[in-house]
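Student: First, the structure itself, so that you have it in front of you.
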Amino acid sequence: MNVRASNDRNSAKRAPHGWRDALVAVLAGTLAMAVTAVLGLWAAGATGLPGGAFPRVAAAVVVMAAGGSVGLAGDAGSLVGARAGLSVLPLSVTLAGALLIAHGFLRPLRHRAVAVLWAVVLVVLSLLARFTFTLPAENLTGDGTGDGTEDAIGDVLGDSARVGFRADLPLTLLFGLLWLAGVLVLALLVSRRAPLPPRLVRFQETVRPAASAMVALLLGSVALGVVAGLVVMVVRGHPAQTLAVILLGLPNLVWLALTLGLGASWEGKVQGPFGLPMPQVLDSVLRTPDLSTVNLRTLAEQDGRVWWLLVVTALLVLGAAFLMAVRSPARMRPWQHALHLAVALTLTVLLIGLTAGLSARYGLSLLGIGDLGGGLGGEVSLRPRLWTALGIAFLWGLVAGFLGGLAATRVHRHGELPPAGPKGPANAG
């Protein structure tokens with residue numbers, strides 16, 4: 001009875017402690033995402049949005065970064081319709097929150113508490129992420145000195161047109177919780193101190209080295225992107241624009257560049273006044289009437305220095321292959337490293353393809369036909385040719401994994417990972 005009472009007291013002490021740690025982890029991740037979004041939008045000049053919309057836009061960015069859904073809508077009168085769509089994941093904001101939440105999750109805490117608190121955060125952000133802008137008709141039709149067509153458009157539009165955004169609460173909860181589950185699963189796979197679930201213990205010798213190598217590959221490419229962004233900021237000026245790119249979409253660019261360096265192709269277009277926070281060479285390739293193909297060849301036609309992406313990507317992948325082999329048990333053969341890296345790199349490219357693309361469109365139409373206000377409408381899209389990219393990644397993984405395995409045979413390694421058990425994970429680090 002004394003032992004049982006002692007266990008009850010210990011459980012009572014651990015429960016609030018677990019909720020407190022969960023609260024700290026969730027709030028730290030949310031705060032990191034919010035600060036990153038606010039600073040990025042500030043650098044992009046969004047503080048001048050009318051009607052106090054800035055905090056609402058920041059909330060919408062955090063919602064999208066957490067995998068949530070934000071829809072666009074417009075109303076320009078009974079005869080005029082507004083078409084709008086936006087699908088983009090601001091991966092700088094995503095990465096900031098994922099790193100802190102994953103770090104907190106690996107501490108001893110109540111894991112279900114994290115999910116509950118994260119769901120509460122998603123609800124609050126979804127309620128904040130809604131706003132409607134009022135656009136005066138003269139902004140859509142010019143300064144009033146144009147031809148009769150512009151005057152007719154102004155008569156149809158009336159006094160104003162409205163466009164706004166609104167977070168979809170059910171979808172945000174669904175995808176936001178799936179995003180959290182993905183972050184936590186990846187944290188378990190990567191960390192050498194966290195015990196894997198019993199069903200995955202037998203795979204830890206292969207899963208953990210490969211997963212940690214891929215995380216190192218992605219974070220290493222982001223670190224290089226930050227350095228490159230800071231150099232551009234100093235050499236070419238435009239510090240605010242460069243800072244906005246770093247704080248909102250740097251992983252989108254560098255992970256796109258990583259797949260291009262592997263030899264993958266993307267396709268997309270940029271039409272209208274809209275553009276992407278991207279290098280000028282990429283904008284030039286995409287700004288064509290039809291879908292454009294983006295790969296090393298088409299980019300090199302604009303700037304020959306793009307071929308350096310191939311060299312940088314090869315070094316990064318080979319480094320990840322060596323890191324994986326060194327952290328793997330010494331008994332593994334080079335062909336096994338090749339197969340493990342091929343699968344891991346293919347899954348990594350799949351993740352990039354699903355998260356780094358974007359699509360944005362806005363336009364006005366009269367009775368559903370044609371576009372009005374040509375200076376306002378536009379379209380931006382960028383999507384990978386996924387199956388080809390996955391095949392190329394698998395081949396890269398085979399070659400790099402084999403070479404990394406050969407190189408690791410000359411390095412002293414600690415041998416096999418310790419067996420799973422009460423003390424195993426603590427000693428694995």
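Convention: chains lettered A, B, ... in structure tokens order; per-chain residue numbering from 1; ligands numbered from 1 as shown.
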I'd like the contact shell of Leu106 (chain A) - 9 Å cut-off, only C-alpha atoms, skipping same-chain residues fewer than 6 positions apart - returned as a PyMOL selection string.
Tutor: chain A and resi 184+187-188+191+193-194
Student: Based on the selection just made, write N, CA and C atoms of those residues as a compact mmCIF listing (two decimals), in the first residue's frame.
Tutor:
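The result, written out as out-v2.txt:
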```txt
# COMPACT_ATOMS: atom_id res chain seq x y z
N LEU A 184 6.67 15.50 -34.78
CA LEU A 184 7.01 14.67 -33.63
C LEU A 184 7.57 13.32 -34.05
N ALA A 187 11.07 13.90 -35.13
CA ALA A 187 11.93 14.11 -33.96
C ALA A 187 12.32 12.79 -33.31
N LEU A 188 11.37 11.86 -33.22
CA LEU A 188 11.67 10.55 -32.65
C LEU A 188 12.65 9.77 -33.51
N SER A 191 16.34 11.74 -33.20
CA SER A 191 17.03 11.82 -31.91
C SER A 191 17.58 10.45 -31.50
N ARG A 193 18.59 9.94 -28.48
CA ARG A 193 18.29 9.78 -27.06
C ARG A 193 16.85 9.34 -26.81
N ALA A 194 15.98 9.57 -27.78
CA ALA A 194 14.57 9.23 -27.58
C ALA A 194 14.32 7.78 -27.97
```
Student: Got a sec: who's within 9 Å of region 227-244 of chain A, counting only C-alpha atoms, leaving out chain neighbours fewer than 3 positions off, as a list in words?
Tutor: Leu39, Gly40, Leu41, Trp42, Ala43, Ala44, Gly45, Val222, Ala223, Leu224, Leu247, Leu248, Gly249, Leu250 and Pro277 of chain A
Student: Using only C-alpha atoms, pick whichever of A:Leu350, A:Val26, A:Leu262, A:Ala59 has the shortest atom-to-atom distance to Leu395 (chain A).
Tutor: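 Selected residue with least distance to Leu395 (chain A): A:Leu262.
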Student: When DSSP works through the backbone of this structure, what residues of region 301-413 of chain A end up as alpha helix (DSSP H), shown as a PyMOL selection string?
Tutor: chain A and resi 308-327+334-355+386-408
Student: CA of Pro251 (chain A) to CA of Asp21 (chain A): how many Å, to one decimal?
Tutor: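 Interatomic distance here is 28.7 Å.
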Student: Pick out the residues sitting within 12 Å of Pro90 (chain A), and hand them over as number ranges by chain; count only C-alpha atoms, and ignore anything fewer than 3 positions along from it in its own chain.
Tutor: A: 33-34, 36-37, 40-41, 58, 60-68, 86-87, 93-97, 244-253, 277, 355-358
Student: Closest to Leu398 (chain A) among A:Leu72, A:Val317, A:Ala325, A:Ala338, using only C-alpha atoms?
Tutor: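 Answer, going by the shortest atom-to-atom distance: A:Ala338.
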Student: Restricting the calculation to only C-alpha atoms: of A:Arg361, A:Arg107, A:Arg199, A:Arg383, which residue gets closest to Thr259 (chain A)?
Tutor: A:Arg383
Student: With a distance cut-off of 12 Å and only C-alpha atoms, select the neighbouring residues of Met324 (chain A), excluding the residue or stretch itself and same-chain residues fewer than 6 positions from it, and output the selection as a ChimeraX atom specification.
Tutor: /A:190,205-217,317-318,330,332,334,336-342,344-345,397,400-408,413
Student: Taking 2 positions as the minimum chain separation for residues in the same chain, which residues sit within 6 Å of Val294 (chain A) when counting only C-alpha atoms? Answer as a list in words.
Tutor: Ser265, Trp266, Glu267 and Thr298 of chain A
Student: With all heavy atoms retained, write the just-selected residues as a CSV table (one decimal), in the first residue's frame.
Tutor:
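Result went into part_23.csv, see below:
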```csv
chain,number,residue,atom,x,y,z
A,265,SER,N,13.5,18.7,-62.5
A,265,SER,CA,12.9,19.8,-63.2
A,265,SER,C,11.6,20.2,-62.5
A,265,SER,O,10.8,19.4,-62.0
A,265,SER,CB,12.5,19.4,-64.7
A,265,SER,OG,13.7,19.1,-65.4
A,266,TRP,N,11.3,21.5,-62.6
A,266,TRP,CA,10.1,22.1,-62.1
A,266,TRP,C,9.4,22.8,-63.3
A,266,TRP,O,10.0,23.0,-64.3
A,266,TRP,CB,10.3,23.0,-61.0
A,266,TRP,CG,10.8,22.4,-59.7
A,266,TRP,CD1,12.0,21.7,-59.6
A,266,TRP,CD2,10.2,22.4,-58.4
A,266,TRP,NE1,12.1,21.3,-58.3
A,266,TRP,CE2,11.0,21.7,-57.5
A,266,TRP,CE3,9.1,23.0,-57.9
A,266,TRP,CZ2,10.8,21.6,-56.2
A,266,TRP,CZ3,8.7,22.9,-56.6
A,266,TRP,CH2,9.6,22.1,-55.7
A,267,GLU,N,8.1,23.1,-63.1
A,267,GLU,CA,7.4,23.8,-64.2
A,267,GLU,C,6.5,24.8,-63.5
A,267,GLU,O,6.0,24.6,-62.4
A,267,GLU,CB,6.7,22.9,-65.1
A,267,GLU,CG,5.6,22.1,-64.4
A,267,GLU,CD,4.9,21.1,-65.4
A,267,GLU,OE1,5.5,20.9,-66.5
A,267,GLU,OE2,3.8,20.6,-65.0
A,298,THR,N,17.8,25.4,-68.4
A,298,THR,CA,17.1,26.6,-68.7
A,298,THR,C,17.6,27.8,-67.8
A,298,THR,O,17.6,28.9,-68.3
A,298,THR,CB,15.6,26.4,-68.5
A,298,THR,OG1,15.4,26.0,-67.1
A,298,THR,CG2,15.1,25.3,-69.4
```
